[in-house]
$ cat structure22.txt   # compact mmCIF, C-alpha atoms and all ligand atoms
# COMPACT_ATOMS: atom_id res chain seq x y z
CA MET A 1 0.00 0.00 0.00
CA ASP A 2 1.04 3.59 -0.67
CA GLU A 3 2.84 4.78 2.46
CA ARG A 4 0.82 7.99 2.62
CA LEU A 5 -2.43 6.05 2.59
CA GLU A 6 -1.07 3.76 5.30
CA ARG A 7 -0.18 6.79 7.43
CA TYR A 8 -3.61 8.28 6.80
CA VAL A 9 -5.30 5.11 8.05
CA THR A 10 -2.96 4.77 11.03
CA GLU A 11 -3.46 8.36 12.15
CA LEU A 12 -7.22 8.28 11.69
CA PHE A 13 -8.11 4.74 12.80
CA ALA A 14 -5.22 3.40 14.85
CA ALA A 15 -3.93 6.35 16.82
CA GLU A 16 -1.99 5.15 19.85
CA ASP A 17 -2.58 6.37 23.36
CA PRO A 18 0.57 7.28 25.35
CA ILE A 19 0.75 3.76 26.80
CA LEU A 20 1.01 2.08 23.41
CA SER A 21 3.44 4.72 22.13
CA LYS A 22 5.69 4.13 25.13
CA ILE A 23 5.58 0.36 24.69
CA ARG A 24 6.59 0.76 21.05
CA ALA A 25 9.34 3.23 21.95
CA ARG A 26 10.80 0.71 24.39
CA HIS A 27 11.64 -1.60 21.49
CA GLN A 28 14.29 0.96 20.52
CA SER A 29 15.55 1.86 23.98
CA GLU A 30 15.78 -1.82 25.03
CA LYS A 31 17.09 -2.89 21.62
CA LEU A 32 14.30 -5.37 21.01
CA PRO A 33 13.81 -6.40 17.38
CA ALA A 34 11.33 -4.02 15.72
CA ILE A 35 9.02 -6.87 14.69
CA ASN A 36 5.94 -5.94 16.70
CA VAL A 37 2.68 -5.54 14.80
CA SER A 38 1.98 -2.09 13.38
CA PRO A 39 -0.72 0.14 14.88
CA GLU A 40 -3.20 -0.67 12.10
CA GLU A 41 -2.53 -4.40 12.47
CA GLY A 42 -2.98 -4.00 16.24
CA LYS A 43 -6.27 -2.22 15.64
CA LEU A 44 -7.42 -5.04 13.36
CA LEU A 45 -6.54 -7.64 16.01
CA HIS A 46 -8.42 -5.55 18.57
CA LEU A 47 -11.47 -5.31 16.31
CA LEU A 48 -11.49 -9.05 15.55
CA VAL A 49 -11.37 -9.90 19.27
CA LEU A 50 -14.19 -7.43 19.93
CA LEU A 51 -16.29 -8.84 17.07
CA ILE A 52 -16.49 -12.28 18.63
CA GLN A 53 -16.70 -10.94 22.21
CA ALA A 54 -13.75 -13.10 23.08
CA LYS A 55 -13.05 -13.95 26.70
CA HIS A 56 -10.08 -16.27 26.30
CA VAL A 57 -7.34 -15.34 23.87
CA LEU A 58 -3.98 -17.02 23.35
CA GLU A 59 -0.91 -15.34 21.87
CA ILE A 60 2.31 -17.09 20.88
CA GLY A 61 5.18 -14.56 20.91
CA SER A 62 4.79 -11.65 23.35
CA LEU A 63 7.97 -9.66 22.55
CA GLY A 64 7.52 -6.29 24.35
CA GLY A 65 3.80 -6.64 24.90
CA TYR A 66 2.65 -4.37 22.10
CA SER A 67 0.21 -6.70 20.32
CA GLY A 68 -0.80 -8.12 23.71
CA VAL A 69 -2.11 -4.75 24.84
CA TRP A 70 -4.15 -4.31 21.63
CA LEU A 71 -5.60 -7.80 22.14
CA ALA A 72 -6.22 -7.61 25.89
CA ARG A 73 -7.99 -4.26 25.66
CA ALA A 74 -10.64 -5.92 23.48
CA LEU A 75 -11.45 -8.77 25.86
CA ALA A 76 -15.00 -9.15 27.11
CA PRO A 77 -15.52 -8.51 30.85
CA GLY A 78 -13.86 -11.19 32.94
CA GLY A 79 -11.70 -12.28 30.00
CA SER A 80 -8.02 -12.99 29.91
CA LEU A 81 -5.10 -13.14 27.52
CA THR A 82 -2.55 -15.95 27.82
CA THR A 83 0.70 -15.07 26.08
CA ILE A 84 3.76 -17.28 25.62
CA GLU A 85 7.31 -15.94 25.39
CA LYS A 86 10.55 -17.90 25.48
CA ASP A 87 13.06 -15.03 25.80
CA PRO A 88 13.40 -13.98 29.49
CA LYS A 89 14.31 -10.39 28.61
CA HIS A 90 11.30 -10.03 26.31
CA ALA A 91 9.08 -11.64 28.94
CA SER A 92 10.24 -9.18 31.58
CA ILE A 93 9.68 -6.16 29.36
CA ALA A 94 6.27 -7.46 28.30
CA ARG A 95 5.25 -7.91 31.94
CA GLN A 96 6.25 -4.30 32.61
CA ALA A 97 4.20 -3.18 29.61
CA PHE A 98 1.12 -5.04 30.82
CA ALA A 99 1.47 -3.49 34.27
CA ALA A 100 1.89 0.00 32.77
CA ALA A 101 -1.31 -0.58 30.80
CA GLY A 102 -3.14 -1.70 33.97
CA LEU A 103 -3.70 -5.12 32.39
CA GLN A 104 -1.64 -7.29 34.74
CA ASP A 105 -4.81 -8.94 36.11
CA ARG A 106 -6.09 -9.85 32.65
CA ILE A 107 -2.87 -11.17 31.14
CA ARG A 108 -1.05 -14.36 32.04
CA LEU A 109 2.44 -14.45 30.53
CA ILE A 110 3.93 -17.93 30.45
CA GLU A 111 7.68 -17.96 30.02
CA GLY A 112 8.85 -20.89 27.94
CA ALA A 113 9.14 -22.36 24.47
CA ALA A 114 5.76 -22.56 22.78
CA LEU A 115 5.95 -26.26 21.98
CA ASP A 116 6.62 -26.99 25.67
CA VAL A 117 3.85 -24.71 26.92
CA LEU A 118 1.06 -25.47 24.43
CA PRO A 119 0.50 -29.06 25.68
CA THR A 120 -0.13 -27.65 29.20
CA LEU A 121 -3.05 -25.42 28.09
CA SER A 122 -6.73 -26.34 28.22
CA PRO A 123 -8.75 -26.03 25.01
CA GLY A 124 -11.60 -23.54 24.63
CA PHE A 125 -9.84 -20.39 23.42
CA ASP A 126 -11.96 -17.92 21.46
CA ALA A 127 -8.97 -16.66 19.47
CA VAL A 128 -5.36 -17.70 18.94
CA PHE A 129 -2.79 -15.22 17.57
CA ILE A 130 0.43 -16.85 16.35
CA ASP A 131 3.45 -14.53 16.01
CA ALA A 132 6.66 -16.31 17.02
CA ASP A 133 9.28 -18.40 15.18
CA LYS A 134 8.33 -19.49 11.69
CA GLU A 135 9.83 -22.96 11.22
CA PRO A 136 7.32 -24.69 13.55
CA LEU A 137 4.30 -22.89 12.07
CA PRO A 138 2.63 -26.09 10.82
CA LYS A 139 2.86 -27.43 14.39
CA TYR A 140 1.44 -24.16 15.74
CA PHE A 141 -1.42 -24.56 13.25
CA ASP A 142 -2.27 -27.96 14.72
CA TRP A 143 -2.06 -26.63 18.28
CA GLY A 144 -4.13 -23.58 17.44
CA MET A 145 -6.87 -25.71 15.89
CA ARG A 146 -6.80 -28.07 18.84
CA LEU A 147 -7.06 -25.28 21.42
CA LEU A 148 -9.68 -23.18 19.60
CA ARG A 149 -13.39 -23.57 20.21
CA LYS A 150 -15.72 -23.94 17.25
CA GLY A 151 -16.48 -20.36 16.14
CA GLY A 152 -13.05 -19.22 17.28
CA LEU A 153 -10.51 -17.20 15.31
CA LEU A 154 -7.12 -18.43 14.14
CA LEU A 155 -4.83 -15.47 13.48
CA CYS A 156 -1.25 -15.61 12.26
CA ASP A 157 1.22 -12.84 11.50
CA ASN A 158 3.69 -12.74 8.61
CA ALA A 159 1.69 -14.56 5.95
CA PHE A 160 3.95 -12.89 3.36
CA PHE A 161 7.18 -13.12 5.36
CA HIS A 162 8.62 -10.19 3.43
CA GLY A 163 7.83 -11.91 0.14
CA ALA A 164 9.59 -15.16 1.06
CA ALA A 165 6.22 -16.94 0.94
CA ILE A 166 6.32 -16.75 -2.88
CA ASP A 167 10.08 -16.68 -3.48
CA PRO A 168 10.97 -19.99 -5.17
CA LYS A 169 14.67 -19.37 -4.38
CA ASP A 170 13.99 -19.17 -0.64
CA ASP A 171 14.10 -22.70 0.71
CA SER A 172 14.83 -21.67 4.31
CA ALA A 173 13.14 -23.52 7.13
CA ALA A 174 11.29 -20.31 8.08
CA ALA A 175 9.93 -19.75 4.56
CA ARG A 176 8.84 -23.39 4.37
CA GLY A 177 7.11 -23.01 7.73
CA VAL A 178 5.20 -19.94 6.55
CA ARG A 179 4.14 -21.63 3.29
CA GLY A 180 3.14 -24.75 5.18
CA PHE A 181 0.95 -22.76 7.58
CA ASN A 182 -0.69 -20.81 4.76
CA GLU A 183 -1.51 -24.00 2.85
CA LEU A 184 -2.98 -25.65 5.93
CA ALA A 185 -5.06 -22.55 6.70
CA ALA A 186 -6.30 -22.34 3.11
CA LYS A 187 -7.19 -26.02 2.74
CA ASP A 188 -8.29 -27.34 6.14
CA PRO A 189 -12.05 -27.98 5.86
CA ARG A 190 -12.54 -26.94 9.49
CA LEU A 191 -11.37 -23.40 8.71
CA VAL A 192 -12.61 -20.55 6.52
CA ALA A 193 -9.60 -18.30 6.08
CA THR A 194 -8.00 -15.53 4.07
CA VAL A 195 -5.01 -13.20 4.27
CA VAL A 196 -5.58 -9.55 5.11
CA PRO A 197 -2.74 -7.64 3.42
CA VAL A 198 -1.94 -5.48 6.43
CA ARG A 199 1.82 -4.95 7.03
CA ASP A 200 3.41 -8.39 6.41
CA GLY A 201 0.07 -10.18 5.95
CA LEU A 202 -2.30 -11.47 8.61
CA VAL A 203 -4.00 -14.85 8.19
CA VAL A 204 -7.55 -14.62 9.54
CA GLY A 205 -9.48 -17.87 9.86
CA LEU A 206 -12.74 -18.89 11.47
CA LYS A 207 -12.96 -22.41 12.85
CA VAL A 208 -16.36 -23.42 11.52
CA ARG A 209 -16.37 -27.05 12.65
CA ASP A 210 -14.57 -29.29 15.12
N1 LIG B 1 3.48 -10.32 18.96
C1 LIG B 1 4.54 -9.36 19.21
C2 LIG B 1 5.76 -9.65 18.36
C3 LIG B 1 6.34 -11.03 18.56
S1 LIG B 1 7.97 -11.15 17.88
C4 LIG B 1 4.01 -7.97 18.91
O1 LIG B 1 3.45 -7.79 17.82
O2 LIG B 1 4.17 -7.07 19.73
C5 LIG B 1 8.26 -12.85 18.13
C6 LIG B 1 8.49 -13.24 19.60
O3 LIG B 1 8.40 -14.65 19.67
C7 LIG B 1 9.88 -12.87 20.14
O4 LIG B 1 9.75 -12.18 21.36
C8 LIG B 1 10.55 -14.21 20.36
O5 LIG B 1 11.43 -14.24 21.48
C9 LIG B 1 9.37 -15.12 20.59
N2 LIG B 1 9.62 -16.52 20.26
C10 LIG B 1 10.37 -17.00 19.24
N3 LIG B 1 10.37 -18.34 19.24
C11 LIG B 1 9.57 -18.72 20.28
C12 LIG B 1 9.16 -19.98 20.81
N4 LIG B 1 9.54 -21.12 20.23
N5 LIG B 1 8.35 -20.00 21.87
C13 LIG B 1 7.93 -18.83 22.45
N6 LIG B 1 8.30 -17.62 22.00
C14 LIG B 1 9.10 -17.56 20.93
C1 LIG B 2 10.02 -10.88 11.49
C2 LIG B 2 8.86 -10.13 11.55
C3 LIG B 2 7.80 -10.56 12.32
O1 LIG B 2 6.63 -9.86 12.42
C4 LIG B 2 7.92 -11.72 13.03
O2 LIG B 2 6.86 -12.13 13.76
C5 LIG B 2 9.07 -12.47 12.98
C6 LIG B 2 10.13 -12.05 12.20
C7 LIG B 2 11.17 -10.42 10.68
O3 LIG B 2 11.08 -9.32 10.15
O4 LIG B 2 12.14 -11.17 10.57
MG MG B 3 5.20 -11.10 13.35

$ encode --input "structure22.txt" --output "structure tokens"
Amino acid sequence: MDERLERYVTELFAAEDPILSKIRARHQSEKLPAINVSPEEGKLLHLLVLLIQAKHVLEIGSLGGYSGVWLARALAPGGSLTTIEKDPKHASIARQAFAAAGLQDRIRLIEGAALDVLPTLSPGFDAVFIDADKEPLPKYFDWGMRLLRKGGLLLCDNAFFHGAAIDPKDDSAAARGVRGFNELAAKDPRLVATVVPVRDGLVVGLKVRD
């Protein structure tokens, strides 16, 4: 998308409050990778969670807590976000972000590698947002589908992976993971899915049957 149009949409529809701006700024000051969702992608995640009146949301990949705050602010009353992060420094910064946003009571951050943590979770999530390492994405697809309720949303960042998804020369494990996830999301009969071309592509799928 034309950068000016993107800025127009961000400023009009996805303006950050000071809390979100500060969380994003911390990525620079703490030298975290700048791979958080953009404001307009955050707003889309927020809107999707609101649409289904989600109470229980799962995120894989917390980083500094930026997407987590967009997600958690959309939870229905009494709801909670569970977010998984394997890097202790990221986990600590994310916890600080959730506290600064007054969301510490609605967010449970589990420190650990996703494939170790996922088997410990109970099914019944209303939405699952996958945004961590790319090689295991087909496994995260299976876990997401297993943990989602019927009528729940499967969301996954980096559907394009900077173009690697369609680059025949890129045979990296990450690119193969992204392609594998996209194919599963497109073809699994339990899911109705598409890619919203926001930032690096967001897979949005509705689990229509168990
Ligand atoms: N969702 C965040 C960005 C996540 S970046 C946002 O938009 O604000 C990806 C994060 O996933 C990083 O913090 C990285 O440490 C974490 N991660 C990578 N591999 C992981 C794994 N196997 N298990 C859990 N977290 C992982
Ligand atoms: C990158 C970007 C992401 O949004 C992500 O989740 C992982 C990696 C990247 O730019 O490498
Ligand atoms: Mg991402």

$ atom_distance --input "structure22.txt" --atom1 "atom CA of Asp17 of chain A" --atom2 "atom CA of His46 of chain A"
14.1 Å

$ residues_near_ligand --input "structure22.txt" --ligand "ligand LIG 2 (chain B)" --cutoff "12 Å" --atoms "only C-alpha atoms and all ligand atoms" --output "ChimeraX atom specification"
/A:32-38,41-42,59-63,66-67,129-135,137,156-164,174-175,177-178,198-202

$ residues_around --input "structure22.txt" --residues "Trp70 of chain A" --least-positions-apart "3" --cutoff "12 Å" --atoms "only C-alpha atoms" --output "ChimeraX atom specification"
/A:14-17,19-21,23-24,36-50,57,59,62,65-67,73-75,81,97-98,101,103,107,129

$ residues_around --input "structure22.txt" --residues "Val208 of chain A" --least-positions-apart "3" --cutoff "7 Å" --atoms "all atoms listed in the file" --output "list in words"
Lys150, Gly151, Arg190, Leu191 and Val192 of chain A

$ closest_residue --input "structure22.txt" --among "A:Ser172, A:Thr120, A:Thr83, A:Thr10" --to "ligand LIG 1 (chain B)" --atoms "all atoms listed in the file"
A:Thr83

$ atom_distance --input "structure22.txt" --atom1 "atom CA of Gly79 of chain A" --atom2 "atom CA of Val196 of chain A"
25.8 Å

$ atom_distance --input "structure22.txt" --atom1 "atom C9 of ligand LIG 1 (chain B)" --atom2 "atom CA of Leu147 of chain A"
19.3 Å

$ closest_residue --input "structure22.txt" --among "A:Gln96, A:Gly102, A:Val117, A:Ser80" --to "ligand LIG 1 (chain B)" --atoms "all atoms listed in the file"
A:Val117

$ closest_residue --input "structure22.txt" --among "A:Asp116, A:Asp210, A:Glu11, A:Glu6" --to "ligand LIG 1 (chain B)" --atoms "all atoms listed in the file"
A:Asp116
